[in-house]
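Scroll down for the structure; my scribbles are underneath it.
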Amino acid sequence: ELAIRHLGVKVLSLFFIDRVANYRVYTEDGPKPGRLAEIVETSLREFAREARYRELKWLQLPPESLHHGYFAEDKQHKFKDASGNTADDATAYELIMGNKERLLSLDEPLRFIFSHSALREGWDNPNVFQICTLNERASTMTKRQEIGRGLRLPVDQQGERVRDDSVNRLCVVSNESYNEFAKGLQESY
C-alpha cells in the first residue's frame, strides 16, 4: 500500500480460514475475538508504532475496525461454519456484494477480510492483493476460486481500472502445495 497509495488504490487482504471459531468466539458475555483476530490486532498495533507506516493514517485507527469476517450467520446472528451452499450464506454474499463501493473506498477502514466459505463463487474484488490460506483445501476447483478473488485489475477511487505493472501483483501465502498451484495458475493467466 505504501508503494501504490498515490494511485488511489485501496489494498485488501483476504484470509481463508478453517473454522469461524478461530476468528470469533461466542461466550456467555457475547462475541469475543478469536485467536486469529487477536493476532491481527496485535500485529496492527505493532505496525502502527513503526515509523515506516506512519503515512498510513488508517493504521492509527482502532485495530478492530480494520478487519472483519464475512461468514454465514445463524438465527441468533452468530457466525457459523457453513458449506457455502446454505440459505445462511446468502446473508454473507449480500453484505459483500452490496457494499463493494464502500469497501473499496479509502474512507472505509476495513483492510483485512476473513472468510470460511462465503467467498467462493460470485465475489470478485479487484483490490485483493494478498490471499492467505489458513485452511487445507484438496479441491482444485476450490483453490482456483479462492485465488481467483485476487486475479483482477485493481480500481482506483473513481472506479477506473489501474493498468500499472507495480500494482498488478497478487501475493498468496499458503502451504507449499498451494503455493505451487497458485504460481502455476498465475503464470497461466
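Lettering and numbering for the C-alpha cells are positional, with chains as A, B, ... in the shown order, residues counted from 1 in each chain, and ligands counted from 1 in the shown order.
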
Skip segment 1-13 of chain A itself and residues of its chain fewer than 4 positions away, then list as JSON, numbers by chain all residues within 6 Å of it, counting only C-alpha atoms. {"A": [111, 112, 127, 128, 129, 130, 131, 156, 157]}

Keeping C-alpha atoms for every residue in the selection just given, could you write it to a file as a PDB file, in the first residue's frame?
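Here's the written file part_8.pdb:
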ATOM      1  CA  ARG A 111      -8.440  -3.766   5.027  1.00  0.00           C
ATOM      2  CA  PHE A 112      -8.374  -7.400   6.190  1.00  0.00           C
ATOM      3  CA  ASN A 127      -8.303  -4.827  -4.891  1.00  0.00           C
ATOM      4  CA  VAL A 128      -7.378  -8.092  -3.185  1.00  0.00           C
ATOM      5  CA  PHE A 129      -3.587  -8.098  -3.270  1.00  0.00           C
ATOM      6  CA  GLN A 130      -2.863 -10.749  -0.636  1.00  0.00           C
ATOM      7  CA  ILE A 131      -4.579 -14.085  -0.160  1.00  0.00           C
ATOM      8  CA  ASP A 156      -8.846   3.490  -8.047  1.00  0.00           C
ATOM      9  CA  GLN A 157     -11.219   5.737  -6.088  1.00  0.00           C
TER      10      GLN A 157
END

Mind pulling up the distance from atom CA of Asn125 of chain A to atom CA of Leu56 of chain A? 21.5 Å

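Our summary of the geometry notes that atom CA of Pro63 of chain A is positioned 26.6 Å from atom CA of Gln158 of chain A.
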
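The two atoms in question, atom CA of Ala48 of chain A and atom CA of Ile113 of chain A, are spaced 18.8 Å apart.
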
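The nearest approach to Pro109 of chain A among the residues A:Trp58, A:Thr133, A:Arg152, A:Asp29, with only C-alpha atoms taken into account, belongs to A:Trp58.
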
May I have the residues within 10 Å of Arg35 of chain A as a short mmCIF file (atom, residue, chain, number, x, y, z; two decimals) with N, CA and C atoms, in the first residue's frame, using only C-alpha atoms and disregarding those fewer than 4 positions away in the same chain?
data_model
loop_
_atom_site.label_atom_id
_atom_site.label_comp_id
_atom_site.auth_asym_id
_atom_site.auth_seq_id
_atom_site.Cartn_x
_atom_site.Cartn_y
_atom_site.Cartn_z
N ALA A 21 -14.60 -20.30 14.50
CA ALA A 21 -14.19 -20.16 15.91
C ALA A 21 -12.74 -19.68 16.04
N ASN A 22 -11.95 -19.81 15.02
CA ASN A 22 -10.59 -19.27 15.08
C ASN A 22 -10.57 -17.76 14.92
N TYR A 23 -11.67 -17.21 14.42
CA TYR A 23 -11.77 -15.76 14.25
C TYR A 23 -12.69 -15.11 15.27
N ARG A 24 -13.80 -15.75 15.57
CA ARG A 24 -14.79 -15.19 16.51
C ARG A 24 -15.23 -16.29 17.47
N VAL A 25 -15.22 -15.98 18.77
CA VAL A 25 -15.62 -16.91 19.82
C VAL A 25 -16.86 -16.35 20.50
N ILE A 39 -4.40 -12.05 16.88
CA ILE A 39 -3.09 -11.96 16.23
C ILE A 39 -3.05 -10.75 15.29
N VAL A 40 -4.11 -10.57 14.51
CA VAL A 40 -4.16 -9.44 13.57
C VAL A 40 -4.13 -8.12 14.33
#

Which of these residues is nearest to Arg19 of chain A, using only C-alpha atoms: A:Pro62, A:Gly69, A:Gly159, A:Pro31? A:Gly69
